[in-house]
>>> print(open('data_7.cif').read())   # mmCIF, C-alpha atoms
data_work
#
loop_
_atom_site.label_atom_id
_atom_site.label_comp_id
_atom_site.auth_asym_id
_atom_site.auth_seq_id
_atom_site.Cartn_x
_atom_site.Cartn_y
_atom_site.Cartn_z
CA MET C 1 0.00 0.00 0.00
CA ASP C 2 0.96 3.66 -0.31
CA THR C 3 3.07 4.90 2.54
CA THR C 4 5.39 7.83 2.78
CA VAL C 5 7.80 5.94 5.00
CA ALA C 6 10.53 3.95 3.31
CA LYS C 7 10.79 0.41 4.56
CA PRO C 8 14.02 -0.49 6.34
CA SER C 9 16.27 -2.42 4.07
CA THR C 10 16.26 -6.16 4.40
CA ASP C 11 19.99 -6.56 4.00
CA ASN C 12 20.77 -4.17 6.90
CA LYS C 13 22.80 -1.91 4.67
CA THR C 14 22.19 1.77 5.34
CA TRP C 15 24.80 3.26 3.04
CA SER C 16 26.16 2.48 -0.42
CA GLY C 17 22.76 2.05 -1.99
CA GLY C 18 21.41 -0.49 0.48
CA ASN C 19 18.07 1.20 0.96
CA ARG C 20 15.55 1.66 -1.77
CA PRO C 21 13.72 4.78 -0.69
CA LEU C 22 10.25 5.12 -2.25
CA ASN C 23 10.72 1.67 -3.79
CA ALA C 24 12.01 3.15 -7.02
CA SER C 25 15.24 1.95 -8.56
CA TYR C 26 18.22 4.28 -8.50
CA GLY C 27 18.10 5.02 -12.23
CA LYS C 28 14.42 5.78 -12.29
CA MET C 29 14.72 8.06 -9.29
CA MET C 30 17.57 9.99 -10.92
CA MET C 31 15.48 10.36 -14.06
CA TRP C 32 12.70 11.85 -11.96
CA PHE C 33 15.20 14.24 -10.34
CA PHE C 34 16.35 15.34 -13.78
CA ILE C 35 12.77 15.75 -14.98
CA VAL C 36 11.87 17.96 -12.03
CA SER C 37 14.87 20.22 -12.61
CA ASP C 38 14.27 20.35 -16.36
CA ALA C 39 10.61 21.14 -15.78
CA LEU C 40 11.69 24.09 -13.66
CA THR C 41 14.00 25.27 -16.46
CA PHE C 42 11.14 25.19 -18.93
CA SER C 43 8.74 26.89 -16.54
CA GLY C 44 11.37 29.60 -16.09
CA PHE C 45 11.30 30.20 -19.84
CA LEU C 46 7.54 30.12 -20.07
CA ALA C 47 7.20 32.44 -17.07
CA ALA C 48 9.64 34.85 -18.76
CA TYR C 49 7.41 34.70 -21.85
CA GLY C 50 4.42 35.51 -19.63
CA PHE C 51 6.34 38.40 -18.09
CA SER C 52 7.11 39.95 -21.47
CA ARG C 53 3.61 39.34 -22.69
CA PHE C 54 2.09 41.07 -19.66
CA LYS C 55 4.54 43.91 -20.17
CA PHE C 56 3.27 44.44 -23.74
CA ILE C 57 -0.22 43.07 -23.19
CA ASP C 58 -1.82 45.67 -25.49
CA SER C 59 0.43 44.98 -28.48
CA TRP C 60 1.30 41.26 -28.42
CA PRO C 61 0.93 39.27 -31.69
CA ILE C 62 -2.17 37.08 -32.01
CA ALA C 63 -0.98 33.50 -32.49
CA ASP C 64 -3.64 32.33 -34.91
CA GLU C 65 -2.75 35.20 -37.24
CA VAL C 66 0.86 34.06 -37.18
CA PHE C 67 0.67 30.28 -37.54
CA THR C 68 -1.79 29.84 -40.39
CA HIS C 69 0.10 27.56 -42.74
CA VAL C 70 -0.20 23.90 -43.64
CA PRO C 71 2.42 22.26 -45.88
CA PHE C 72 1.48 21.79 -49.56
CA ILE C 73 -1.83 23.65 -49.12
CA HIS C 74 -2.42 27.34 -49.69
CA GLY C 75 -4.86 29.30 -47.61
CA ASN C 76 -5.59 30.37 -44.09
CA PHE C 77 -5.69 27.47 -41.63
CA PRO C 78 -5.02 28.72 -38.13
CA MET C 79 -3.54 26.09 -35.81
CA TYR C 80 -4.46 22.98 -37.79
CA TYR C 81 -0.87 22.01 -38.40
CA VAL C 82 0.29 22.55 -34.84
CA ALA C 83 -2.70 20.48 -33.66
CA PHE C 84 -1.45 17.74 -35.95
CA MET C 85 2.04 18.05 -34.42
CA THR C 86 0.58 17.75 -30.92
CA PHE C 87 -1.36 14.68 -32.00
CA ILE C 88 1.79 13.06 -33.43
CA LEU C 89 3.73 13.68 -30.23
CA ILE C 90 0.97 12.22 -28.03
CA LEU C 91 0.74 9.23 -30.37
CA SER C 92 4.50 8.65 -30.10
CA SER C 93 4.08 8.81 -26.32
CA VAL C 94 1.49 6.04 -26.60
CA THR C 95 3.80 3.81 -28.64
CA MET C 96 6.56 4.50 -26.10
CA VAL C 97 4.43 3.42 -23.15
CA LEU C 98 3.39 0.32 -25.13
CA ALA C 99 7.10 -0.42 -25.68
CA VAL C 100 7.72 -0.09 -21.94
CA ASP C 101 4.85 -2.46 -21.25
CA ALA C 102 6.08 -4.99 -23.82
CA GLY C 103 9.47 -4.75 -22.11
CA HIS C 104 7.91 -5.67 -18.76
CA HIS C 105 6.60 -8.81 -20.41
CA MET C 106 10.02 -9.47 -22.01
CA LYS C 107 8.55 -9.42 -25.53
CA LYS C 108 11.57 -8.34 -27.52
CA ASN C 109 9.97 -8.09 -30.96
CA LYS C 110 7.09 -5.98 -29.74
CA VAL C 111 9.53 -3.59 -28.04
CA ILE C 112 11.40 -3.25 -31.33
CA VAL C 113 8.25 -2.42 -33.30
CA TYR C 114 6.92 0.10 -30.78
CA LEU C 115 10.31 1.80 -30.35
CA PHE C 116 10.60 2.10 -34.13
CA LEU C 117 7.18 3.78 -34.32
CA THR C 118 8.19 6.14 -31.51
CA ILE C 119 11.34 7.16 -33.38
CA ILE C 120 9.31 7.80 -36.55
CA GLY C 121 6.84 9.95 -34.58
CA GLY C 122 9.69 11.96 -33.05
CA LEU C 123 11.27 12.54 -36.45
CA ILE C 124 7.96 13.72 -37.93
CA PHE C 125 7.61 16.14 -35.04
CA VAL C 126 11.13 17.57 -35.38
CA GLY C 127 10.64 17.90 -39.14
CA SER C 128 7.35 19.75 -38.63
CA GLN C 129 9.03 22.03 -36.14
CA ALA C 130 11.76 22.87 -38.68
CA TRP C 131 9.13 23.56 -41.33
CA GLU C 132 7.23 25.80 -38.93
CA TRP C 133 10.40 27.76 -38.20
CA GLY C 134 11.02 28.09 -41.93
CA THR C 135 7.57 29.57 -42.62
CA PHE C 136 7.86 31.89 -39.64
CA ILE C 137 11.26 33.18 -40.77
CA LYS C 138 10.03 33.64 -44.35
CA GLY C 139 6.93 35.54 -43.29
CA THR C 140 3.61 36.02 -45.05
CA TYR C 141 2.52 39.59 -45.83
CA GLY C 142 5.42 41.80 -44.78
CA ALA C 143 5.14 44.99 -42.76
CA VAL C 144 6.65 48.43 -42.27
CA GLU C 145 8.71 49.08 -39.17
CA THR C 146 8.32 52.46 -37.46
CA ASN C 147 10.97 54.59 -35.83
CA GLY C 148 9.84 53.26 -32.45
CA GLY C 149 10.30 49.64 -33.54
CA LYS C 150 6.57 48.94 -33.89
CA VAL C 151 5.07 47.35 -37.00
CA LEU C 152 2.45 48.70 -39.40
CA GLN C 153 0.53 46.13 -41.41
CA PHE C 154 -1.64 46.76 -44.46
CA VAL C 155 -5.29 45.79 -44.77
CA LYS C 156 -8.16 46.32 -47.20
CA GLU C 157 -11.30 48.12 -46.03
CA ASP C 158 -12.93 44.80 -45.05
CA GLY C 159 -9.99 44.06 -42.76
CA SER C 160 -8.32 41.35 -44.86
CA ARG C 161 -4.53 41.49 -45.05
CA VAL C 162 -2.61 42.63 -48.13
CA ALA C 163 0.94 41.57 -48.95
CA LEU C 164 3.48 44.34 -49.60
CA GLY C 165 4.34 42.99 -53.03
CA ASP C 166 0.70 43.22 -54.14
CA PHE C 167 0.45 46.99 -54.04
CA ALA C 168 3.99 48.36 -54.02
CA THR C 169 4.67 50.35 -57.18
CA PRO C 170 8.06 49.42 -58.64
CA ILE C 171 10.50 52.32 -58.86
CA HIS C 172 13.44 51.79 -61.13
CA SER C 173 16.69 52.21 -59.27
CA GLU C 174 20.24 51.07 -59.64
CA ARG C 175 22.05 49.46 -56.80
CA THR C 176 25.73 48.75 -56.51
CA SER C 177 26.79 46.35 -53.83
CA GLN C 178 29.61 47.27 -51.55
CA GLY C 179 32.47 44.86 -51.11
CA SER C 180 34.86 44.26 -48.26
CA ASN C 181 37.66 46.01 -50.17
CA GLU C 182 35.84 49.35 -50.08
CA ALA C 183 35.31 49.93 -46.37
CA ILE C 184 37.39 49.33 -43.28
CA TRP C 185 34.69 48.07 -40.91
CA PHE C 186 32.73 46.13 -43.50
CA TYR C 187 31.27 42.82 -42.39
CA SER C 188 28.31 42.20 -44.65
CA GLU C 189 25.52 44.07 -46.38
CA THR C 190 22.20 44.60 -44.65
CA LEU C 191 19.47 42.20 -45.63
CA GLU C 192 17.86 43.31 -48.86
CA THR C 193 14.07 43.28 -49.02
CA ASN C 194 12.04 42.56 -52.14
CA VAL C 195 10.37 45.97 -52.06
CA SER C 196 11.66 49.27 -50.73
CA LEU C 197 9.93 51.66 -48.36
CA ALA C 198 9.66 54.25 -51.16
CA GLU C 199 7.90 51.72 -53.40
CA VAL C 200 5.49 50.73 -50.64
CA THR C 201 4.70 54.36 -49.82
CA LYS C 202 4.11 55.20 -53.47
CA GLY C 203 1.81 52.20 -53.94
CA PHE C 204 -0.04 52.96 -50.72
CA LEU C 205 -0.71 56.58 -51.74
CA ALA C 206 -1.92 55.46 -55.18
CA ASN C 207 -4.28 52.86 -53.75
CA GLU C 208 -7.12 54.68 -51.96
CA SER C 209 -8.74 51.56 -50.51
CA LEU C 210 -5.78 50.49 -48.35
CA LEU C 211 -5.56 51.15 -44.61
CA ILE C 212 -2.91 50.65 -41.95
CA ARG C 213 -3.35 48.28 -39.04
CA THR C 214 -1.18 49.01 -35.98
CA GLN C 215 0.15 46.37 -33.61
CA TYR C 216 -1.95 47.72 -30.74
CA LEU C 217 -5.05 45.88 -29.60
CA ASP C 218 -8.36 47.40 -28.57
CA LYS C 219 -10.14 46.22 -25.43
CA ASP C 220 -11.70 43.24 -27.26
CA GLY C 221 -8.29 42.02 -28.39
CA LYS C 222 -8.72 43.15 -32.02
CA ARG C 223 -6.00 45.05 -33.91
CA ILE C 224 -6.64 48.80 -34.17
CA VAL C 225 -7.10 49.91 -37.81
CA LEU C 226 -6.39 53.57 -38.62
CA SER C 227 -8.56 55.70 -40.90
CA ARG C 228 -7.24 56.53 -44.37
CA ALA C 229 -6.04 60.04 -43.38
CA GLU C 230 -4.38 58.73 -40.21
CA SER C 231 -2.80 55.87 -42.17
CA VAL C 232 -1.19 58.18 -44.71
CA ALA C 233 0.11 60.48 -41.96
CA LYS C 234 1.43 57.54 -39.91
CA LEU C 235 3.26 55.95 -42.83
CA LYS C 236 4.86 59.27 -43.87
CA SER C 237 5.94 60.35 -40.40
CA ASP C 238 6.92 57.07 -38.72
CA GLY C 239 7.78 54.56 -41.45
CA LYS C 240 11.44 53.55 -41.23
CA SER C 241 12.05 50.28 -43.03
CA ILE C 242 10.51 47.14 -44.49
CA ILE C 243 10.29 43.85 -42.58
CA GLU C 244 9.69 40.60 -44.40
CA GLY C 245 9.42 37.61 -42.08
CA ALA C 246 10.92 37.32 -38.65
CA ASN C 247 14.35 37.04 -37.10
CA LEU C 248 15.80 37.90 -33.70
CA ARG C 249 15.72 41.66 -34.34
CA HIS C 250 12.68 42.27 -36.52
CA ASN C 251 9.34 40.54 -36.67
CA GLU C 252 6.66 41.41 -39.20
CA TYR C 253 3.96 39.94 -36.94
CA GLY C 254 4.56 42.34 -34.05
CA THR C 255 7.02 42.76 -31.23
CA PRO C 256 10.43 41.14 -31.85
CA LEU C 257 10.30 39.62 -28.35
CA PHE C 258 7.60 37.26 -29.60
CA ALA C 259 9.96 35.92 -32.25
CA ASP C 260 12.81 35.70 -29.75
CA PHE C 261 10.78 33.64 -27.31
CA PHE C 262 9.35 31.52 -30.12
CA PHE C 263 12.81 30.63 -31.42
CA PHE C 264 14.24 30.08 -27.97
CA ILE C 265 11.49 28.04 -26.33
CA THR C 266 10.38 25.92 -29.28
CA GLY C 267 14.06 25.57 -30.20
CA PHE C 268 14.94 24.34 -26.73
CA HIS C 269 12.00 21.96 -26.80
CA GLY C 270 12.91 20.79 -30.31
CA PHE C 271 16.43 20.10 -29.06
CA HIS C 272 14.92 17.94 -26.30
CA VAL C 273 12.87 16.02 -28.86
CA PHE C 274 16.00 15.59 -30.97
CA SER C 275 18.00 14.21 -28.03
CA GLY C 276 15.03 11.99 -27.15
CA VAL C 277 15.12 10.56 -30.67
CA ILE C 278 18.86 9.89 -30.29
CA PHE C 279 18.28 8.09 -26.95
CA ASN C 280 15.48 6.08 -28.53
CA ILE C 281 17.72 5.08 -31.43
CA ILE C 282 20.46 3.96 -29.03
CA ILE C 283 18.16 1.76 -26.96
CA PHE C 284 16.45 0.58 -30.16
CA PHE C 285 19.73 -0.93 -31.32
CA ASN C 286 20.46 -2.22 -27.81
CA VAL C 287 17.14 -4.05 -27.85
CA ILE C 288 17.91 -5.51 -31.29
CA ILE C 289 21.31 -6.85 -30.23
CA GLY C 290 19.68 -8.27 -27.09
CA THR C 291 21.41 -6.24 -24.37
CA TYR C 292 18.30 -6.02 -22.20
CA GLU C 293 17.36 -9.62 -22.91
CA ARG C 294 20.68 -10.67 -21.34
CA ARG C 295 20.22 -8.18 -18.51
CA LYS C 296 16.79 -9.75 -17.93
CA SER C 297 15.32 -6.29 -17.45
CA TYR C 298 14.02 -3.66 -19.84
CA GLU C 299 14.27 -0.89 -17.25
CA MET C 300 16.41 1.22 -19.58
CA VAL C 301 13.44 1.44 -21.96
CA GLU C 302 11.34 2.64 -19.05
CA LYS C 303 13.85 5.34 -18.08
CA VAL C 304 14.20 6.67 -21.62
CA GLY C 305 10.41 6.41 -21.83
CA LEU C 306 10.09 8.71 -18.83
CA TYR C 307 12.23 11.28 -20.62
CA TRP C 308 10.20 10.92 -23.80
CA HIS C 309 6.90 11.45 -21.97
CA PHE C 310 8.39 14.48 -20.29
CA VAL C 311 9.12 16.00 -23.70
CA ASP C 312 5.47 15.41 -24.58
CA LEU C 313 4.41 16.95 -21.28
CA VAL C 314 6.42 20.10 -21.95
CA TRP C 315 4.94 20.39 -25.44
CA VAL C 316 1.44 20.36 -23.95
CA PHE C 317 2.35 23.52 -22.04
CA VAL C 318 4.27 25.15 -24.91
CA PHE C 319 1.28 24.49 -27.16
CA THR C 320 -1.10 26.20 -24.75
CA VAL C 321 1.13 29.15 -23.98
CA PHE C 322 2.24 29.91 -27.54
CA TYR C 323 -0.69 28.93 -29.67
CA LEU C 324 -3.86 29.02 -27.57
CA VAL C 325 -3.76 31.56 -24.76
CA MET P 1 6.36 -5.60 -10.87
CA ALA P 2 4.67 -5.31 -14.20
CA GLN P 3 1.45 -6.83 -13.02
CA ASP P 4 0.45 -4.35 -10.32
CA HIS P 5 -0.75 -1.49 -12.53
CA LYS P 6 -3.70 0.49 -11.30
CA LEU P 7 -6.20 0.21 -14.10
CA ALA P 8 -8.92 2.66 -13.05
CA ILE P 9 -9.11 6.34 -13.99
CA PHE P 10 -11.63 9.07 -13.05
CA ARG P 11 -11.32 8.08 -9.37
CA GLY P 12 -12.30 4.50 -10.09
CA ARG P 13 -15.34 5.28 -12.26
CA LEU P 14 -13.73 3.95 -15.43
CA LYS P 15 -11.93 0.62 -15.13
CA PHE P 16 -9.89 -0.96 -17.89
CA LYS P 17 -9.30 -4.66 -18.34
CA SER P 18 -5.62 -4.43 -19.28
CA ILE P 19 -2.79 -1.91 -19.28
CA GLN P 20 -2.94 -1.70 -23.09
CA SER P 21 -6.61 -0.77 -23.12
CA LYS P 22 -5.95 1.81 -20.39
CA ILE P 23 -3.19 3.40 -22.50
CA TRP P 24 -5.48 3.64 -25.54
CA GLY P 25 -8.28 4.97 -23.33
CA VAL P 26 -6.04 7.73 -21.97
CA PHE P 27 -4.87 8.48 -25.50
CA THR P 28 -8.51 8.91 -26.59
CA LEU P 29 -9.13 11.24 -23.67
CA LEU P 30 -6.04 13.35 -24.50
CA SER P 31 -7.05 13.53 -28.17
CA ILE P 32 -10.57 14.67 -27.28
CA ILE P 33 -9.18 17.40 -25.01
CA THR P 34 -6.79 18.57 -27.76
CA ILE P 35 -9.63 18.67 -30.30
CA ILE P 36 -11.76 20.74 -27.88
CA GLU P 37 -8.83 23.13 -27.35
CA VAL P 38 -8.19 23.59 -31.06
CA TYR P 39 -11.91 23.98 -31.77
CA LEU P 40 -12.27 26.68 -29.11
CA GLY P 41 -9.06 28.34 -30.32
CA ILE P 42 -10.41 28.63 -33.87
CA VAL P 43 -14.04 29.50 -33.10
CA LYS P 44 -13.37 31.73 -30.07
CA PRO P 45 -16.98 32.00 -28.79
CA GLU P 46 -17.98 35.59 -28.06
CA PHE P 47 -19.08 35.17 -24.43
CA LEU P 48 -15.85 33.37 -23.55
CA THR P 49 -13.61 36.12 -24.91
CA THR P 50 -15.50 39.12 -23.53
CA ASN P 51 -16.02 37.96 -19.95
CA ARG P 52 -13.13 37.84 -17.54
CA LEU P 53 -12.32 36.25 -14.21
CA PHE P 54 -9.32 37.72 -12.33
CA ALA P 55 -8.26 39.74 -15.42
CA LEU P 56 -8.04 36.55 -17.51
CA LYS P 57 -10.58 35.71 -20.21
CA TYR P 58 -12.84 32.69 -19.59
CA LEU P 59 -11.40 31.11 -22.73
CA ASN P 60 -7.86 31.31 -21.35
CA TRP P 61 -8.97 29.79 -18.06
CA ILE P 62 -10.49 26.89 -20.00
CA PHE P 63 -7.23 26.41 -21.95
CA LEU P 64 -5.11 26.45 -18.81
CA ILE P 65 -7.36 24.01 -16.92
CA LEU P 66 -7.53 21.61 -19.88
CA THR P 67 -3.72 21.78 -20.14
CA VAL P 68 -3.30 20.83 -16.49
CA ILE P 69 -5.75 17.94 -16.98
CA LYS P 70 -3.70 16.72 -19.95
CA ALA P 71 -0.48 17.05 -17.95
CA TYR P 72 -2.08 15.04 -15.14
CA TYR P 73 -2.98 12.10 -17.38
CA ILE P 74 0.39 12.09 -19.15
CA THR P 75 2.21 12.02 -15.82
CA TRP P 76 -0.14 9.65 -14.02
CA ASP P 77 -0.71 7.06 -16.73
CA PHE P 78 2.05 7.37 -19.34
CA MET P 79 4.80 8.03 -16.80
CA HIS P 80 3.23 5.52 -14.37
CA MET P 81 2.99 7.97 -11.49
CA ARG P 82 -0.27 6.26 -10.54
CA ASP P 83 1.71 3.08 -9.86
CA GLU P 84 4.50 4.72 -7.86
CA LYS P 85 4.57 5.25 -4.12
CA MET P 86 2.84 8.29 -2.73
CA GLY P 87 6.14 9.66 -1.42
CA LEU P 88 7.72 9.76 -4.86
CA ARG P 89 4.56 11.20 -6.36
CA ARG P 90 4.35 14.03 -3.85
CA SER P 91 8.05 14.88 -3.84
CA VAL P 92 8.02 15.26 -7.63
CA VAL P 93 4.65 16.94 -8.12
CA TRP P 94 4.44 19.31 -5.18
CA THR P 95 8.02 20.57 -5.60
CA GLY P 96 7.27 21.48 -9.20
CA VAL P 97 3.79 22.87 -8.57
CA PHE P 98 4.88 25.04 -5.65
CA LEU P 99 7.93 26.54 -7.39
CA VAL P 100 6.11 27.10 -10.69
CA CYS P 101 3.19 28.87 -8.99
CA TYR P 102 5.60 31.08 -7.06
CA LEU P 103 7.62 31.96 -10.17
CA LEU P 104 4.51 32.71 -12.22
CA PHE P 105 3.03 34.88 -9.50
CA ILE P 106 6.17 36.99 -9.11
CA LEU P 107 6.86 37.43 -12.82
CA LEU P 108 3.30 38.09 -13.96
CA VAL P 109 2.66 40.68 -11.25
CA GLU P 110 5.93 42.38 -12.16
CA GLY P 111 5.12 42.31 -15.88
CA ASN P 112 1.73 43.86 -15.20
CA TYR P 113 3.34 46.58 -13.09
CA ILE P 114 5.79 47.49 -15.87
CA PHE P 115 2.89 47.64 -18.34
CA ASP P 116 1.16 50.16 -16.04
CA VAL P 117 4.33 52.22 -15.78
CA TYR P 118 4.62 52.40 -19.58
CA LYS P 119 0.95 53.26 -19.91
CA GLU P 120 0.60 55.87 -17.17
CA ASN P 121 3.95 57.53 -17.67
CA TYR P 122 4.45 61.01 -19.10
CA ILE P 123 6.62 59.65 -21.85
CA LYS P 124 4.43 57.83 -24.34
CA PHE P 125 5.78 55.02 -26.50
CA ASN P 126 3.54 55.76 -29.49
CA PHE P 127 5.79 56.57 -32.39
#
>>> encode(input="data_7.cif", output="structure tokens")
Amino acid sequence: MDTTVAKPSTDNKTWSGGNRPLNASYGKMMMWFFIVSDALTFSGFLAAYGFSRFKFIDSWPIADEVFTHVPFIHGNFPMYYVAFMTFILILSSVTMVLAVDAGHHMKKNKVIVYLFLTIIGGLIFVGSQAWEWGTFIKGTYGAVETNGGKVLQFVKEDGSRVALGDFATPIHSERTSQGSNEAIWFYSETLETNVSLAEVTKGFLANESLLIRTQYLDKDGKRIVLSRAESVAKLKSDGKSIIEGANLRHNEYGTPLFADFFFFITGFHGFHVFSGVIFNIIIFFNVIIGTYERRKSYEMVEKVGLYWHFVDLVWVFVFTVFYLV
Amino acid sequence: MAQDHKLAIFRGRLKFKSIQSKIWGVFTLLSIITIIEVYLGIVKPEFLTTNRLFALKYLNWIFLILTVIKAYYITWDFMHMRDEKMGLRRSVVWTGVFLVCYLLFILLVEGNYIFDVYKENYIKFNF
């Protein structure tokens, strides 16, 4: 029965691992220690995200306007793909726990099959993560950055978004690129955008139906759209440069901090998934060559399984914090 | 060792015949919760987004509670916490829960304070 008191050891050994406190094996207990400390690391990151979000609560990007893409399909599908990723990760957790169970019953072939499926699930997840990063970095519509580092996005009168390339009027200009032999402190050129601010401004002035949407939210959580006169004035007075996509300094979807946290937290989680896949591959081959069969215990599968479930557990929170709330 | 799994969830209301069927049952539950979350996230019903409890929208409360429920079932059934001793369970769960709640409280209150400072200050960040 459940008790909080550890039973005295039967072999009268107090030190050098004689007791089994909480009736868990040494390895499993250490895995739980690691999981607790790693969970605190992740909650530190997520709490920092919450801190920054509360700090800019009236201008934070809306997640389902950011993550609207599904591979191979065009259109606006908020969150479908990330729901699929969540589903894959939970499914790979299921195959992992089935592998652990097959290990308890010493069924080697079943362990092999389930571990293989778990590895496949993990790889699909990491691949999806990489694809999601790629789309986020590439961006969708583009935006203008203001002198204060805020973004201005362009909408039609009905509120639907317009891409910069769709209305920017091309201005013919010649551009010579500077090389490292021409300047002393030259490292590299600044990132070149597909359209220039002058082209966007010209196209915006020519197109009467376009409006500017700021990154600020009204009290219902909707983006504030300026009137035509305000839009023209805002673009002329505050427009500084063009942003296409997101990186650590600029983010066309809103505050750059959002992109920073997205890269850092999902990157850190993705790194955990990647290491989990490596662990799974190692024990997969160990199972095949019969290491645990000879050891007469599949506890190693259980320990790696604990880690793998933990990765799933963290994703459940990352999913909520980044995509839902 | 392998035989003494606890096979009932929902405080004993739902009993499974074997560990495999329990795993698939928990998986079904987690999938249903995820589908509800995604559905609510896409539809965003009006009365859930306009009403607030403790400065947080109803919708966000629902998301957070569903997340904790999912975390509970992953830990209890996939990580076999249900089958461990109560001492191990408490030392892992309460340590985490206590420290996370403390950290969240401190950081969110501080973030809210800084937001107020930006908003109420003489220098406006509106360019």
>>> residues_around(input="data_7.cif", residues="Leu66 (chain P)", least_positions_apart="3", cutoff="12 Å", atoms="only C-alpha atoms", output="ChimeraX atom specification")
/C:316-317,319-320,324-325 /P:29-38,40,59-63,69-73
>>> resolve_selection(input="data_7.cif", expression="the PyMOL selection byres ((chain C and resi 269) around 9)", output="list of chain:residue names")
C:Phe42, C:Phe264, C:Ile265, C:Thr266, C:Gly267, C:Phe268, C:Gly270, C:Phe271, C:His272, C:Val273, C:Phe274, C:Val311, C:Val314, C:Trp315, C:Val318
>>> residues_around(input="data_7.cif", residues="Asn251 (chain C)", least_positions_apart="5", cutoff="9 Å", atoms="only C-alpha atoms", output="number ranges by chain")
C: 137, 139, 143, 145, 151, 243-246, 256-259
>>> resolve_selection(input="data_7.cif", expression="the PyMOL selection byres ((chain C and resi 65) around 10)", output="MDAnalysis selection string")
chainID C and resid 61:64 66:69 76:79 253
>>> resolve_selection(input="data_7.cif", expression="the PyMOL selection byres ((chain P) within 7 of (chain C))", output="number ranges by chain")
P: 2, 20, 23, 27, 31, 38, 41-42, 50, 60, 63, 67, 71, 74, 78-79, 85-88, 92, 96, 100, 103-104, 107-108, 111-112, 114-115, 127
>>> atom_distance(input="data_7.cif", atom1="CA of Leu7 (chain P)", atom2="CA of Ile19 (chain P)")
6.6 Å
>>> atom_distance(input="data_7.cif", atom1="CA of Gly134 (chain C)", atom2="CA of Gln178 (chain C)")
28.4 Å
>>> atom_distance(input="data_7.cif", atom1="CA of Glu157 (chain C)", atom2="CA of Asn207 (chain C)")
11.5 Å
>>> residues_around(input="data_7.cif", residues="Glu192 (chain C)", least_positions_apart="5", cutoff="12 Å", atoms="only C-alpha atoms", output="NGL selection string")
:C and (175 or 177 or 197 or 241-244)
>>> residues_around(input="data_7.cif", residues="Phe116 (chain C)", least_positions_apart="5", cutoff="9 Å", atoms="all atoms listed in the file", output="list of chain:residue names")
C:Thr95, C:Val111, C:Gly121, C:Asn280, C:Ile281, C:Phe284
>>> write_last_selection(input="data_7.cif", atoms="C-alpha atoms", output="compact mmCIF listing (two decimals), in the frame of the given file")
# COMPACT_ATOMS: atom_id res chain seq x y z
CA THR C 95 3.80 3.81 -28.64
CA VAL C 111 9.53 -3.59 -28.04
CA GLY C 121 6.84 9.95 -34.58
CA ASN C 280 15.48 6.08 -28.53
CA ILE C 281 17.72 5.08 -31.43
CA PHE C 284 16.45 0.58 -30.16
>>> closest_residue(input="data_7.cif", among="C:Glu230, C:Asp260, C:Ala99, C:Phe125", to="Val113 (chain C)", atoms="all atoms listed in the file")
C:Ala99
>>> residues_around(input="data_7.cif", residues="Phe16 (chain P)", least_positions_apart="6", cutoff="12 Å", atoms="all atoms listed in the file", output="PyMOL selection string")
chain P and resi 5-10+22-26
>>> decode(input="data_7.cif", residues="region 55-78 of chain C", atoms="C-alpha atoms", output="JSON list (two decimals), in the first residue's frame")
[["chain", "number", "residue", "atom", "x", "y", "z"],
["C", 55, "LYS", "CA", 4.54, 43.91, -20.17],
["C", 56, "PHE", "CA", 3.27, 44.44, -23.74],
["C", 57, "ILE", "CA", -0.22, 43.07, -23.19],
["C", 58, "ASP", "CA", -1.82, 45.67, -25.49],
["C", 59, "SER", "CA", 0.43, 44.98, -28.48],
["C", 60, "TRP", "CA", 1.30, 41.26, -28.42],
["C", 61, "PRO", "CA", 0.93, 39.27, -31.69],
["C", 62, "ILE", "CA", -2.17, 37.08, -32.01],
["C", 63, "ALA", "CA", -0.98, 33.50, -32.49],
["C", 64, "ASP", "CA", -3.64, 32.33, -34.91],
["C", 65, "GLU", "CA", -2.75, 35.20, -37.24],
["C", 66, "VAL", "CA", 0.86, 34.06, -37.18],
["C", 67, "PHE", "CA", 0.67, 30.28, -37.54],
["C", 68, "THR", "CA", -1.79, 29.84, -40.39],
["C", 69, "HIS", "CA", 0.10, 27.56, -42.74],
["C", 70, "VAL", "CA", -0.20, 23.90, -43.64],
["C", 71, "PRO", "CA", 2.42, 22.26, -45.88],
["C", 72, "PHE", "CA", 1.48, 21.79, -49.56],
["C", 73, "ILE", "CA", -1.83, 23.65, -49.12],
["C", 74, "HIS", "CA", -2.42, 27.34, -49.69],
["C", 75, "GLY", "CA", -4.86, 29.30, -47.61],
["C", 76, "ASN", "CA", -5.59, 30.37, -44.09],
["C", 77, "PHE", "CA", -5.69, 27.47, -41.63],
["C", 78, "PRO", "CA", -5.02, 28.72, -38.13]]
